[in-house]
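Student: Contents of query_9.tsv (TSV, C-alpha atoms) are below:
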```tsv
chain	number	residue	atom	x	y	z
A	1	MET	CA	179.96	79.33	394.18
A	2	PHE	CA	181.78	78.29	397.36
A	3	THR	CA	183.28	81.30	399.15
A	4	LYS	CA	185.35	79.68	401.89
A	5	ILE	CA	185.73	76.58	404.02
A	6	GLU	CA	183.37	77.34	406.88
A	7	HIS	CA	184.51	74.46	409.08
A	8	ILE	CA	185.86	70.92	409.21
A	9	GLY	CA	183.80	68.53	411.35
A	10	ILE	CA	185.62	65.88	413.39
A	11	ALA	CA	183.72	63.08	415.16
A	12	VAL	CA	185.02	62.32	418.65
A	13	LYS	CA	183.98	60.14	421.58
A	14	ASP	CA	184.90	62.62	424.30
A	15	LEU	CA	184.42	66.31	423.53
A	16	GLN	CA	186.22	67.56	426.65
A	17	ALA	CA	189.28	65.47	425.83
A	18	ALA	CA	189.22	66.64	422.19
A	19	ASN	CA	188.99	70.28	423.31
A	20	LYS	CA	191.96	69.79	425.59
A	21	MET	CA	193.94	68.00	422.85
A	22	PHE	CA	193.25	70.65	420.21
A	23	GLY	CA	194.00	73.54	422.57
A	24	ALA	CA	197.40	71.97	423.31
A	25	LEU	CA	197.99	71.15	419.64
A	26	SER	CA	197.09	74.53	418.13
A	27	GLU	CA	197.55	76.97	421.03
A	28	ILE	CA	194.13	78.36	420.04
A	29	GLY	CA	191.44	78.85	422.67
A	30	LEU	CA	187.97	77.27	422.52
A	31	LEU	CA	185.52	79.58	420.69
A	32	LYS	CA	182.24	78.08	421.94
A	33	MET	CA	180.23	74.94	422.59
A	34	GLU	CA	176.68	74.21	421.50
A	35	GLN	CA	174.07	71.45	421.64
A	36	VAL	CA	172.34	70.64	418.34
A	37	GLU	CA	169.18	68.74	419.24
A	38	SER	CA	168.20	67.89	415.65
A	39	GLU	CA	171.53	66.07	415.08
A	40	GLY	CA	171.86	64.53	418.53
A	41	VAL	CA	175.26	66.11	419.15
A	42	VAL	CA	177.18	68.51	421.32
A	43	VAL	CA	179.81	70.43	419.40
A	44	SER	CA	182.75	72.70	420.08
A	45	PHE	CA	184.35	75.22	417.74
A	46	PHE	CA	187.89	76.54	417.43
A	47	LYS	CA	188.52	79.44	415.05
A	48	VAL	CA	191.61	78.86	412.91
A	49	GLY	CA	192.12	81.82	410.58
A	50	GLU	CA	188.88	82.36	408.65
A	51	THR	CA	187.64	78.80	409.15
A	52	LYS	CA	186.79	76.60	412.14
A	53	ILE	CA	187.48	73.16	413.52
A	54	GLU	CA	184.25	71.62	414.86
A	55	PHE	CA	184.39	68.62	417.19
A	56	LEU	CA	181.17	66.59	417.40
A	57	GLN	CA	180.24	64.20	420.20
A	58	SER	CA	177.05	62.19	419.99
A	59	VAL	CA	174.46	62.42	422.76
A	60	ASP	CA	172.16	60.00	420.90
A	61	GLU	CA	173.35	56.42	420.47
A	62	ASN	CA	171.33	56.14	417.25
A	63	GLY	CA	172.40	59.53	415.89
A	64	PRO	CA	174.60	60.04	412.80
A	65	ILE	CA	177.82	60.72	414.75
A	66	ALA	CA	177.37	57.65	416.98
A	67	LYS	CA	176.86	55.53	413.88
A	68	PHE	CA	179.84	57.10	412.11
A	69	ILE	CA	182.14	56.33	415.04
A	70	GLU	CA	180.78	52.80	415.37
A	71	LYS	CA	181.65	52.18	411.70
A	72	ASN	CA	184.83	54.23	411.21
A	73	GLY	CA	186.14	55.19	414.63
A	74	GLU	CA	186.94	58.81	415.44
A	75	GLY	CA	188.12	61.10	412.67
A	76	ILE	CA	187.18	63.68	410.08
A	77	HIS	CA	183.45	63.53	409.41
A	78	HIS	CA	182.71	66.33	406.94
A	79	ILE	CA	183.87	69.52	405.24
A	80	ALA	CA	181.51	72.50	405.26
A	81	PHE	CA	181.72	75.22	402.63
A	82	GLU	CA	180.21	78.68	403.01
A	83	VAL	CA	177.81	79.81	400.32
A	84	GLU	CA	175.95	83.10	400.00
A	85	ASP	CA	172.61	81.67	398.87
A	86	ILE	CA	172.03	78.07	399.93
A	87	ASP	CA	168.74	77.70	398.05
A	88	LYS	CA	170.37	78.75	394.80
A	89	GLU	CA	173.36	76.43	395.38
A	90	MET	CA	171.10	73.46	396.22
A	91	LYS	CA	169.24	74.01	392.98
A	92	ARG	CA	172.44	74.44	390.97
A	93	LEU	CA	174.08	71.32	392.43
A	94	THR	CA	170.99	69.15	391.93
A	95	GLU	CA	170.85	70.25	388.30
A	96	SER	CA	174.59	69.46	387.98
A	97	GLY	CA	173.98	65.85	389.10
A	98	PHE	CA	175.09	66.08	392.74
A	99	GLU	CA	172.91	64.28	395.23
A	100	LEU	CA	171.52	66.13	398.28
A	101	LEU	CA	170.80	64.14	401.45
A	102	ARG	CA	167.56	66.11	401.86
A	103	THR	CA	165.73	68.35	399.47
A	104	GLU	CA	165.16	71.03	402.13
A	105	LYS	CA	167.78	73.06	403.98
A	106	LYS	CA	167.70	72.81	407.76
A	107	GLU	CA	168.95	74.72	410.79
A	108	GLY	CA	172.41	73.70	411.93
A	109	ALA	CA	174.83	74.77	414.66
A	110	ASP	CA	176.34	78.24	414.80
A	111	ASN	CA	173.30	80.14	413.43
A	112	LYS	CA	173.43	78.57	409.96
A	113	TYR	CA	171.20	77.08	407.32
A	114	ILE	CA	172.80	73.87	406.17
A	115	CYS	CA	172.44	70.97	403.77
A	116	PHE	CA	174.56	67.90	403.07
A	117	LEU	CA	175.53	66.30	399.79
A	118	HIS	CA	175.77	62.53	399.54
A	119	PRO	CA	179.45	61.47	399.63
A	120	ARG	CA	178.99	59.12	396.68
A	121	SER	CA	178.99	62.12	394.32
A	122	THR	CA	181.99	63.82	395.99
A	123	ASN	CA	184.84	61.25	396.18
A	124	SER	CA	183.50	59.89	399.50
A	125	VAL	CA	183.78	63.28	401.21
A	126	LEU	CA	180.65	64.19	403.16
A	127	THR	CA	180.13	67.78	402.04
A	128	GLU	CA	178.03	70.42	403.82
A	129	LEU	CA	176.87	73.79	402.56
A	130	CYS	CA	176.37	76.59	405.10
A	131	GLN	CA	174.72	79.96	404.87
A	132	ASP	CA	174.68	82.47	407.71
A	133	LYS	CA	171.10	83.07	408.87
A	134	SER	CA	171.71	86.68	409.77
B	1	MET	CA	200.66	78.42	417.28
B	2	PHE	CA	198.59	77.44	414.22
B	3	THR	CA	197.80	80.47	412.04
B	4	LYS	CA	195.38	79.02	409.49
B	5	ILE	CA	194.25	75.83	407.77
B	6	GLU	CA	196.67	75.66	404.88
B	7	HIS	CA	194.87	72.86	403.05
B	8	ILE	CA	192.75	69.73	403.36
B	9	GLY	CA	194.17	66.68	401.57
B	10	ILE	CA	191.76	64.27	399.88
B	11	ALA	CA	192.95	60.91	398.50
B	12	VAL	CA	191.44	60.02	395.11
B	13	LYS	CA	191.92	57.30	392.52
B	14	ASP	CA	191.55	59.56	389.47
B	15	LEU	CA	192.88	63.12	389.78
B	16	GLN	CA	191.38	64.34	386.49
B	17	ALA	CA	187.93	63.12	387.52
B	18	ALA	CA	188.31	64.71	390.99
B	19	ASN	CA	189.34	68.02	389.42
B	20	LYS	CA	186.31	67.92	387.17
B	21	MET	CA	184.01	67.01	390.08
B	22	PHE	CA	185.32	69.75	392.38
B	23	GLY	CA	185.22	72.41	389.66
B	24	ALA	CA	181.54	71.58	389.06
B	25	LEU	CA	180.84	71.39	392.80
B	26	SER	CA	182.51	74.63	393.89
B	27	GLU	CA	182.58	76.72	390.68
B	28	ILE	CA	186.24	77.41	391.54
B	29	GLY	CA	188.95	76.92	388.90
B	30	LEU	CA	191.95	74.62	389.32
B	31	LEU	CA	194.89	76.54	390.87
B	32	LYS	CA	197.73	74.17	389.89
B	33	MET	CA	198.95	70.61	389.66
B	34	GLU	CA	202.26	69.22	390.89
B	35	GLN	CA	204.16	65.95	391.15
B	36	VAL	CA	205.70	65.19	394.54
B	37	GLU	CA	208.33	62.51	393.94
B	38	SER	CA	209.13	61.93	397.62
B	39	GLU	CA	205.49	61.04	398.38
B	40	GLY	CA	204.76	59.15	395.16
B	41	VAL	CA	201.81	61.39	394.29
B	42	VAL	CA	200.47	63.86	391.79
B	43	VAL	CA	198.38	66.57	393.41
B	44	SER	CA	196.02	69.35	392.40
B	45	PHE	CA	195.08	72.44	394.36
B	46	PHE	CA	191.94	74.57	394.45
B	47	LYS	CA	192.02	77.82	396.42
B	48	VAL	CA	188.92	78.24	398.59
B	49	GLY	CA	189.14	81.51	400.52
B	50	GLU	CA	192.44	81.54	402.39
B	51	THR	CA	192.81	77.76	402.39
B	52	LYS	CA	193.09	75.06	399.72
B	53	ILE	CA	191.63	71.72	398.78
B	54	GLU	CA	194.39	69.32	397.69
B	55	PHE	CA	193.53	66.15	395.78
B	56	LEU	CA	196.19	63.42	395.87
B	57	GLN	CA	196.50	60.54	393.42
B	58	SER	CA	199.16	57.91	393.93
B	59	VAL	CA	201.70	57.18	391.20
B	60	ASP	CA	203.41	54.55	393.38
B	61	GLU	CA	201.44	51.42	394.26
B	62	ASN	CA	203.38	51.12	397.53
B	63	GLY	CA	203.13	54.82	398.41
B	64	PRO	CA	201.15	56.19	401.38
B	65	ILE	CA	198.16	57.34	399.30
B	66	ALA	CA	197.87	53.99	397.50
B	67	LYS	CA	197.91	52.23	400.87
B	68	PHE	CA	195.39	54.65	402.36
B	69	ILE	CA	192.92	54.06	399.51
B	70	GLU	CA	193.45	50.28	399.68
B	71	LYS	CA	192.52	50.37	403.37
B	72	ASN	CA	189.90	53.14	403.54
B	73	GLY	CA	188.79	53.93	400.01
B	74	GLU	CA	188.82	57.49	398.73
B	75	GLY	CA	188.25	60.34	401.15
B	76	ILE	CA	189.79	62.95	403.41
B	77	HIS	CA	193.39	62.02	404.15
B	78	HIS	CA	194.80	64.88	406.26
B	79	ILE	CA	194.43	68.45	407.50
B	80	ALA	CA	197.40	70.78	407.13
B	81	PHE	CA	197.86	73.79	409.39
B	82	GLU	CA	200.11	76.72	408.60
B	83	VAL	CA	202.76	77.62	411.15
B	84	GLU	CA	205.34	80.41	411.07
B	85	ASP	CA	208.27	78.40	412.44
B	86	ILE	CA	207.99	74.67	411.84
B	87	ASP	CA	211.15	73.79	413.82
B	88	LYS	CA	209.83	75.60	416.87
B	89	GLU	CA	206.39	73.98	416.54
B	90	MET	CA	207.88	70.48	416.12
B	91	LYS	CA	209.89	71.00	419.31
B	92	ARG	CA	206.89	72.41	421.19
B	93	LEU	CA	204.57	69.59	420.12
B	94	THR	CA	207.08	66.85	420.94
B	95	GLU	CA	207.52	68.35	424.40
B	96	SER	CA	203.71	68.48	424.77
B	97	GLY	CA	203.45	64.73	424.13
B	98	PHE	CA	202.37	64.73	420.48
B	99	GLU	CA	204.05	62.17	418.27
B	100	LEU	CA	205.77	63.23	415.03
B	101	LEU	CA	205.95	60.74	412.15
B	102	ARG	CA	209.56	61.85	411.55
B	103	THR	CA	211.91	63.91	413.68
B	104	GLU	CA	213.04	66.02	410.69
B	105	LYS	CA	210.92	68.34	408.54
B	106	LYS	CA	210.88	67.58	404.84
B	107	GLU	CA	210.06	69.32	401.56
B	108	GLY	CA	206.44	68.98	400.51
B	109	ALA	CA	204.30	70.22	397.63
B	110	ASP	CA	203.61	73.91	397.03
B	111	ASN	CA	207.03	75.21	398.18
B	112	LYS	CA	206.60	74.19	401.82
B	113	TYR	CA	208.48	72.57	404.67
B	114	ILE	CA	206.18	69.98	406.19
B	115	CYS	CA	205.89	67.42	408.94
B	116	PHE	CA	203.15	65.03	410.01
B	117	LEU	CA	201.88	64.13	413.46
B	118	HIS	CA	200.79	60.59	414.18
B	119	PRO	CA	196.97	60.40	414.18
B	120	ARG	CA	196.92	58.40	417.41
B	121	SER	CA	197.65	61.59	419.35
B	122	THR	CA	195.08	63.71	417.44
B	123	ASN	CA	191.73	61.86	417.55
B	124	SER	CA	192.67	59.81	414.45
B	125	VAL	CA	193.13	62.92	412.31
B	126	LEU	CA	196.37	62.82	410.32
B	127	THR	CA	197.71	66.33	410.96
B	128	GLU	CA	200.33	68.15	408.90
B	129	LEU	CA	202.27	71.31	409.73
B	130	CYS	CA	203.35	73.56	406.84
B	131	GLN	CA	205.74	76.47	406.68
B	132	ASP	CA	206.33	78.51	403.53
B	133	LYS	CA	209.92	78.11	402.36
B	134	SER	CA	210.15	81.61	400.99
```
As structure tokens - that is how I would like this structure written.

Tutor:
Amino acid sequence: MFTKIEHIGIAVKDLQAANKMFGALSEIGLLKMEQVESEGVVVSFFKVGETKIEFLQSVDENGPIAKFIEKNGEGIHHIAFEVEDIDKEMKRLTESGFELLRTEKKEGADNKYICFLHPRSTNSVLTELCQDKS
Amino acid sequence: MFTKIEHIGIAVKDLQAANKMFGALSEIGLLKMEQVESEGVVVSFFKVGETKIEFLQSVDENGPIAKFIEKNGEGIHHIAFEVEDIDKEMKRLTESGFELLRTEKKEGADNKYICFLHPRSTNSVLTELCQDKS
């Protein structure tokens, strides 16, 4: 079962400019920035209530965010839902006919185990599951 | 200041199918459905933690959701943030250089006053402000 929206991921070309824009828009301060080597991105987080806005800038011209922007331009990239037991949820969703992008969970930003579902089984919404590692 | 993410709006072609999909995906029950005449849509809500997922299906072939799907296909349409005083926020954001789609708030789904910001000032993310009417 999904317990909350953990974050919404937004692909941007210029992370510093996005941080400045969202700070002015929301009047919320930047929570933190992080580099995620495995995804070829630098990311920033803003905490909005119990969830977060995550901006992602590619540092790898062949990485998934670079390719997304090349195809779609900037914009919302994914929604991430918090789950308590990611292994159990991955098994449940596979059995329910949803398609995982990989069969194994991996380490994501912000001290999380993550996995993605293919958007073709979720009304074209790239959907991430997140479980806190701690 | 933005206080929480009120909902994420997702444009779909078939609301019943989307409701079924998201129920199976999240194991969360449907909260409610509503018709919003002014926007030419029927919508459904699922409560996920403190925020909501809103699916929107057009009932007007010239309405904004029909046009969005024609151009982009199904997918995430907007992010809505809760604010305490929408008039004050609209004034603040205009003065900060953000562009409102309309200068007046209007009545939206779910007993809210709403307004939209033009995505060109928000990294191509269509952004909504919501204030509870009650």

Student: Please, which residues of chain A lie no more than 6 Å from chain B when the count uses only C-alpha atoms, and can they be set out as a PyMOL selection string?

Tutor: chain A and resi 1-2+4+26-27+48-49+74-75+124-125

Student: Emit as AutoDock Vina command-line options the padded axis-aligned box for all listed atoms of region 108-126 of chain A, 6 Å per side, with centre and edge lengths in Å to one decimal.

Tutor:
```
--center_x 178.0 --center_y 69.6 --center_z 404.6 --size_x 25.6 --size_y 33.0 --size_z 32.5
```

Student: Contacts of Glu128 (chain A) at 6 Å or less, counting all atoms listed in the file, minus same-chain residues fewer than 5 places along, as a PyMOL selection string?

Tutor: chain A and resi 80+115-116

Student: Name the closest residue to Thr103 (chain B) among the candidates B:Lys32, B:His118, B:Lys133, B:Lys20; distances are taken between atoms, counting all atoms listed in the file.

Tutor: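 That would be B:His118, the residue with the smallest distance to Thr103 (chain B).
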
Student: In Å, rounded to a single decimal, give me how far CA of Ile86 (chain A) is from CA of Val41 (chain A).

Tutor: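 A separation of 22.9 Å between them.
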
Student: Any idea what the distance is between CA of Leu56 (chain B) and CA of Asn19 (chain A)?

Tutor: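 Value for the CA of Leu56 (chain B)-CA of Asn19 (chain A) distance: 29.2 Å.
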
Student: Can you tell me, as a VMD selection string, what residues are no more than 10 Å from region 60-63 of chain B when counting all atoms listed in the file, ignoring any on the same chain fewer than 2 positions away?

Tutor: chain B and resid 37 to 42 57 to 58 65 to 68 70

Student: Pick out the residues sitting within 8 Å of Lys112 (chain A), and hand them over as number ranges by chain; count all atoms listed in the file, and ignore anything fewer than 6 positions along from it in its own chain.

Tutor: A: 130-133

Student: Between CA of Lys88 (chain B) and CA of Asn111 (chain B), what is the distance, to one decimal in Å?

Tutor: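 The value is 18.9 Å.
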
Student: From the list A:Val59, A:Glu84, A:Thr94, A:Val43, which residue is nearest Asp110 (chain A) when using all atoms listed in the file?

Tutor: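 Using all atoms listed in the file, Asp110 (chain A) sits closest to A:Val43.
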
Student: What lies within 9 Å of Leu31 (chain A) using only C-alpha atoms, ignoring chain neighbours under 6 positions off, as a VMD selection string?

Tutor: chain A and resid 44 to 47
